[in-house]
Amino acid sequence: MTSVPTPLRVEQVTTLRPRRQMSIYAQQRLWGWLFLSPWLIGFFVFTFVPIVASLIFSFTDFTLTRPDQINFVGLNNWIKLFNDPLALNALRVTFGFALISLPIAIALPVLLASLLNSKYLIGKPFFRLLFYLPYMVPAISSIFIWQAFLNGQTGWLNRLLRLIGIAEPPNWLGHEFWIGPAMVLIGVWGVGNAMLITLATLQGVPQELYDAAKVDGAGAVAAFFKITLPMISPVIFYNLILTVIGLLQYFVVPYVLTRGTGNPNGAAYFFNMHLYRTAFLFQDMGYGATMAWFIFIIAIVLTIILFATSRRWVYYAGGE
Amino acid sequence: MSRKVMLVLFLVAAIALVPALSNVKAQSRTVVTWFVGIGTGSQPAQIEVQNRVVEKFNASQNEIELKINIAASFETAYDVLATLIASGDAPDIVGPVGFLGANSFADAWLDLTPYVEKYNYDLKQFPESLVNLYRTEEGLVGIPFAVFPSLIFYNKDLFDEAELPYPPAEFGKPYVLNGEEREWNWDTLADLATELTVDVNGLTPNDPGFDPNQIRQFGFIHQWALMRAELTTFGGHPVYDPEQGKVVIPDYWREKFRWLHDGLWKRHFIPNATYEGSELLQPSAFASGNVAMARVPLWYTCCIGDLKSNWDLAVVPSYKGQYHVPTDADTFRLTKASKNPDAAFKVLMYLLGEAAPELLLTYGGYPARPDLQEAATKLRQEAFPSVTNWSIVPASLAYAASPHHESFFPNFSKGIQRFADFRSQLYGDTGKTMDLEAEINKLEADLQAIVAEALR
């Protein structure tokens, strides 16, 4: 006996259709999660968990080599931080350096980009390459090059200064006053990236604005301040945020330059060097984590302040 | 489609299983891990030799699987080892490691006494003074392997050019300076080094018109030195005296500080930090050919290959009639956290025994085992034909300074960092104008606070 298949009724078809659609959606979602999972797992394990762990460590006396002897110490590490003369000095050095370095790091790329954007400049691609090239050199190599360049005895800079009649040029890396400007000079070498981004934005400023300004009788200076700067202000803001965060994380240059000592006289002992020493050389991970969170909080507060003030001076052409 | 998902999951699981399956062979043996990096051992040529040593061991028996873990660099090795210990995955064996590296992981090392007794390991083959270096409150935490006494490396060409006799090659021998026979002590070395220091005009610091800003040749350097090693040339000192409960900078260390300060900033025979970092003294001060004498441990033979001049060895000068030779010593240590200490000790015996000649050669170490010393000297003679005074090396071991310049004190890492900061101040431009006595007192007070922090 054979059974005849019963044809599907209309209501059955309509109830099946959405199920099939949901199923495809679910599968797509599943595949999406599956492809995202390596990144998500990596983020969770290697970023999120350590962030949370470091916050927990900041309330403990955790030491790497004696993980079994961990104790909860409450706010002791935070109290210690505000009474640690080395930490406070390191903070002073960091902010002191930022005060000199920040205006240069913001103004110089704008200046260079404006020069490279000038219609009167010949050989633009060459200069663009020239300014960008140092950014491509690995940091450690460039620091070693600068170390040799700035050496008080045999460095090229001082040889040059002697040639032009300065008999006793500064000992750039050996004197507590000069090591700051020396590090600023090294930083200048790496403005290529910021310059390139600024240049790209400059090239996007509509020519009509300049033409209209010219008709209205505006000179080059007025056009720069009234048109160019407002039009590239989002990029300046972007560079400002990155530079502020970068300065709070400043570590590699002073660490390599001073072989981890931060001398002369602690003038190059930045906050992150103190953090590194505490957490990794002295293995005091609890206090090190506290310092990391402290500098993170400062970075967050400064970023919020900058974003709040940006409403007054950053102009988004496509915005309200 | 769900089958496809299952298939993907199955593949992921299979891939994850591959390493586990490949370990099946190793699991049948006791696995012993050997961590290299917090001393020497991470250079490419050394890695090759160490891998060969591991292969030989694994092929020689079926009981233990030796696995080597070499840190990418010395700079990262401390962090790697600390992380391994923190994650409960501590290696069984660590080394070669000196006291500095080992003391940075104080409390991590296993007392070897029960295993030495169990396997009747012969400690009498070593000088007792060397074995005692490894006896701590925790017990015997190491067995002598490689030793590196400090020596005076001197540049024969620079001595010949200045028409000065070479420094003594025997302990107790005097030195004749300008026709006057003098005890070979640190004052004599300072006078000699001053005569060997020359500026661009060919003047020495004893000549009027000498220009300290344009020196082209220096008389002496404590090369690649730790501050405590420099101080220990005037006598060993433990930094912290637990009986008195305080840190004391002894008078003879204060005198050494003054000696260094004079040499750096008044008599200019020692290169300051700026000169040390200049092109004049590259690739390293003595190897540049522009320094007449350097006190460096024997391991410096690792890196002297490109010195074109003739050089030889002399004994370290005396201080108040006594010789104090800072001596570095490296060995392999077993960790307390080792899950297989018995098997690890068997590997240790192999490293200190059968594998020792090959390892010592690649590490540039002088054997602590007397039966290997003759062969080691012969190898060095072949490598450095200008050197005739190799007999100084074993002779120096009798004058090894004690307490050791890397001996432990509470809050060790922080304490040695404070010494390093002081050295950086002394050798940097700040040294020129520093109030030395006040800074030494500050160093003492800071060290006291550092020790107290650990004892709280």
# chains A, B, ... in the order shown; residues from 1 in each chain; ligands from 1

call {"tool": "closest_atom_pairs", "arguments": {"of": "chain B", "to": "chain A", "cutoff": "9 Å", "atoms": "only C-alpha atoms", "output": "CSV"}}
result
residue,atom,partner,partner_atom,distance
B:Met1,CA,A:Gln27,CA,7.7
B:Ser2,CA,A:Gln27,CA,7.9
B:Val5,CA,A:Trp31,CA,8.0
B:Tyr78,CA,A:Leu281,CA,8.1
B:Asp79,CA,A:Phe280,CA,6.5
B:Leu81,CA,A:Thr65,CA,8.7
B:Ala82,CA,A:Thr65,CA,5.6
B:Thr83,CA,A:Leu64,CA,6.5
B:Leu84,CA,A:Thr65,CA,8.8
B:Ile85,CA,A:Thr65,CA,5.8
B:Ala86,CA,A:Leu64,CA,5.1
B:Ser87,CA,A:Pro67,CA,8.0
B:Gly88,CA,A:Pro67,CA,8.5
B:Ser104,CA,A:Phe282,CA,8.3
B:Phe105,CA,A:Thr65,CA,6.9
B:Ala106,CA,A:Thr65,CA,8.8
B:Asp107,CA,A:Thr65,CA,8.9
B:Ala108,CA,A:Thr65,CA,7.7
B:Asn213,CA,A:Gln153,CA,7.4
B:Gln214,CA,A:Gln153,CA,7.6
B:Ala273,CA,A:Gly174,CA,7.8
B:Thr274,CA,A:Gly152,CA,6.2
B:Tyr275,CA,A:Gln153,CA,6.5
B:Gly277,CA,A:Asn151,CA,7.1
B:Ser278,CA,A:Thr154,CA,5.7
B:Glu279,CA,A:Thr154,CA,6.2
B:Leu280,CA,A:Thr154,CA,7.4
B:Asn411,CA,A:Phe282,CA,8.2
B:Phe412,CA,A:Phe282,CA,8.5
B:Ser413,CA,A:Phe282,CA,5.6
B:Lys414,CA,A:Phe282,CA,6.0
B:Gln417,CA,A:Thr261,CA,8.3
B:Ala420,CA,A:Thr261,CA,7.6
B:Asp421,CA,A:Thr261,CA,6.0
B:Ser424,CA,A:Asn263,CA,6.8
B:Gln425,CA,A:Pro264,CA,6.5
B:Gly428,CA,A:Gly174,CA,5.9
B:Asp429,CA,A:Gly174,CA,5.4
B:Thr430,CA,A:Pro264,CA,6.5

call {"tool": "write_last_selection", "arguments": {"atoms": "C-alpha atoms", "output": "PDB file, in the first residue's frame"}}
result
ATOM      1  CA  MET B   1      24.663  23.947   7.382  1.00  0.00           C
ATOM      2  CA  SER B   2      24.838  22.904  10.991  1.00  0.00           C
ATOM      3  CA  VAL B   5      29.537  24.184  11.681  1.00  0.00           C
ATOM      4  CA  TYR B  78      63.924  38.423  33.581  1.00  0.00           C
ATOM      5  CA  ASP B  79      60.323  39.211  32.660  1.00  0.00           C
ATOM      6  CA  LEU B  81      61.212  33.907  33.964  1.00  0.00           C
ATOM      7  CA  ALA B  82      59.148  35.963  36.415  1.00  0.00           C
ATOM      8  CA  THR B  83      56.047  35.270  34.324  1.00  0.00           C
ATOM      9  CA  LEU B  84      56.799  31.542  34.144  1.00  0.00           C
ATOM     10  CA  ILE B  85      57.138  31.400  37.925  1.00  0.00           C
ATOM     11  CA  ALA B  86      53.997  33.500  38.456  1.00  0.00           C
ATOM     12  CA  SER B  87      51.960  31.288  36.145  1.00  0.00           C
ATOM     13  CA  GLY B  88      52.994  28.141  37.998  1.00  0.00           C
ATOM     14  CA  SER B 104      66.840  38.920  41.574  1.00  0.00           C
ATOM     15  CA  PHE B 105      64.806  35.750  42.164  1.00  0.00           C
ATOM     16  CA  ALA B 106      65.729  35.236  45.799  1.00  0.00           C
ATOM     17  CA  ASP B 107      63.868  32.355  47.509  1.00  0.00           C
ATOM     18  CA  ALA B 108      63.355  30.649  44.135  1.00  0.00           C
ATOM     19  CA  ASN B 213      87.618  68.043  26.821  1.00  0.00           C
ATOM     20  CA  GLN B 214      89.710  66.593  24.010  1.00  0.00           C
ATOM     21  CA  ALA B 273      79.938  58.595  30.678  1.00  0.00           C
ATOM     22  CA  THR B 274      80.070  61.005  27.732  1.00  0.00           C
ATOM     23  CA  TYR B 275      83.434  59.649  26.589  1.00  0.00           C
ATOM     24  CA  GLY B 277      79.350  56.633  24.853  1.00  0.00           C
ATOM     25  CA  SER B 278      81.450  58.419  22.233  1.00  0.00           C
ATOM     26  CA  GLU B 279      82.804  57.012  18.971  1.00  0.00           C
ATOM     27  CA  LEU B 280      86.280  57.115  20.507  1.00  0.00           C
ATOM     28  CA  ASN B 411      65.182  44.340  48.642  1.00  0.00           C
ATOM     29  CA  PHE B 412      68.071  43.370  46.371  1.00  0.00           C
ATOM     30  CA  SER B 413      66.746  44.583  43.001  1.00  0.00           C
ATOM     31  CA  LYS B 414      65.859  48.007  44.353  1.00  0.00           C
ATOM     32  CA  GLN B 417      69.291  49.941  41.127  1.00  0.00           C
ATOM     33  CA  ALA B 420      73.457  51.922  39.499  1.00  0.00           C
ATOM     34  CA  ASP B 421      71.869  55.355  39.840  1.00  0.00           C
ATOM     35  CA  SER B 424      75.343  57.053  36.632  1.00  0.00           C
ATOM     36  CA  GLN B 425      75.551  60.254  38.700  1.00  0.00           C
ATOM     37  CA  GLY B 428      77.789  61.553  34.276  1.00  0.00           C
ATOM     38  CA  ASP B 429      78.338  65.313  34.102  1.00  0.00           C
ATOM     39  CA  THR B 430      76.690  65.600  37.510  1.00  0.00           C
TER      40      THR B 430
END

call {"tool": "select_by_dssp", "arguments": {"residues": "stretch 49-150 of chain A", "states": "alpha helix (DSSP H)", "output": "PyMOL selection string"}}
result
chain A and resi 49-57+76-82+85-117+124-136+139-150

call {"tool": "residues_around", "arguments": {"residues": "A:Ala90", "least_positions_apart": "3", "cutoff": "9 Å", "atoms": "only C-alpha atoms", "output": "list in words"}}
result
Pro85, Leu86, Ala87, Val93, Thr94, Phe95, Gly266, Ala267, Ala268, Tyr269, Phe270, Phe271, Asn272, Met273 and His274 of chain A

call {"tool": "residues_around", "arguments": {"residues": "stretch 299-306 of chain A", "least_positions_apart": "2", "cutoff": "12 Å", "atoms": "only C-alpha atoms", "output": "NGL selection string"}}
result
:A and (95 or 236-249 or 292-297 or 308-314)

call {"tool": "atom_distance", "arguments": {"atom1": "atom CA of B:Lys432", "atom2": "atom CA of B:Arg258"}}
result
12.1 Å

call {"tool": "residues_around", "arguments": {"residues": "stretch 376-378 of chain B", "least_positions_apart": "3", "cutoff": "7 Å", "atoms": "only C-alpha atoms", "output": "CSV table (one decimal) with C-alpha atoms, in the first residue's frame"}}
result
chain,number,residue,atom,x,y,z
B,366,TYR,CA,86.8,29.3,33.1
B,372,LEU,CA,89.2,21.0,32.9
B,373,GLN,CA,91.3,24.1,33.5
B,381,GLN,CA,96.1,30.4,24.1
B,382,GLU,CA,95.2,29.4,20.6
B,390,TRP,CA,97.1,33.0,31.5

call {"tool": "closest_residue", "arguments": {"among": "A:Leu112, A:Val73, A:Ile41, A:Leu81", "to": "A:Ala194", "atoms": "only C-alpha atoms"}}
result
A:Leu112

call {"tool": "atom_distance", "arguments": {"atom1": "atom CA of B:Pro96", "atom2": "atom CA of B:Trp311"}}
result
28.0 Å

call {"tool": "atom_distance", "arguments": {"atom1": "atom CA of A:Thr290", "atom2": "atom CA of A:Ser58"}}
result
4.5 Å

call {"tool": "residues_around", "arguments": {"residues": "B:Tyr319", "least_positions_apart": "2", "cutoff": "10 Å", "atoms": "only C-alpha atoms", "output": "ChimeraX atom specification"}}
result
/B:183-187,233-235,252,256,316-317,321-324

call {"tool": "residues_around", "arguments": {"residues": "A:Met136", "least_positions_apart": "6", "cutoff": "12 Å", "atoms": "only C-alpha atoms", "output": "ChimeraX atom specification"}}
result
/A:129-130,142,189-193

call {"tool": "select_by_dssp", "arguments": {"residues": "stretch 316-397 of chain B", "states": "strand (DSSP E or B)", "output": "number ranges by chain"}}
result
B: 318-319, 322-323, 325, 327-335, 366-367
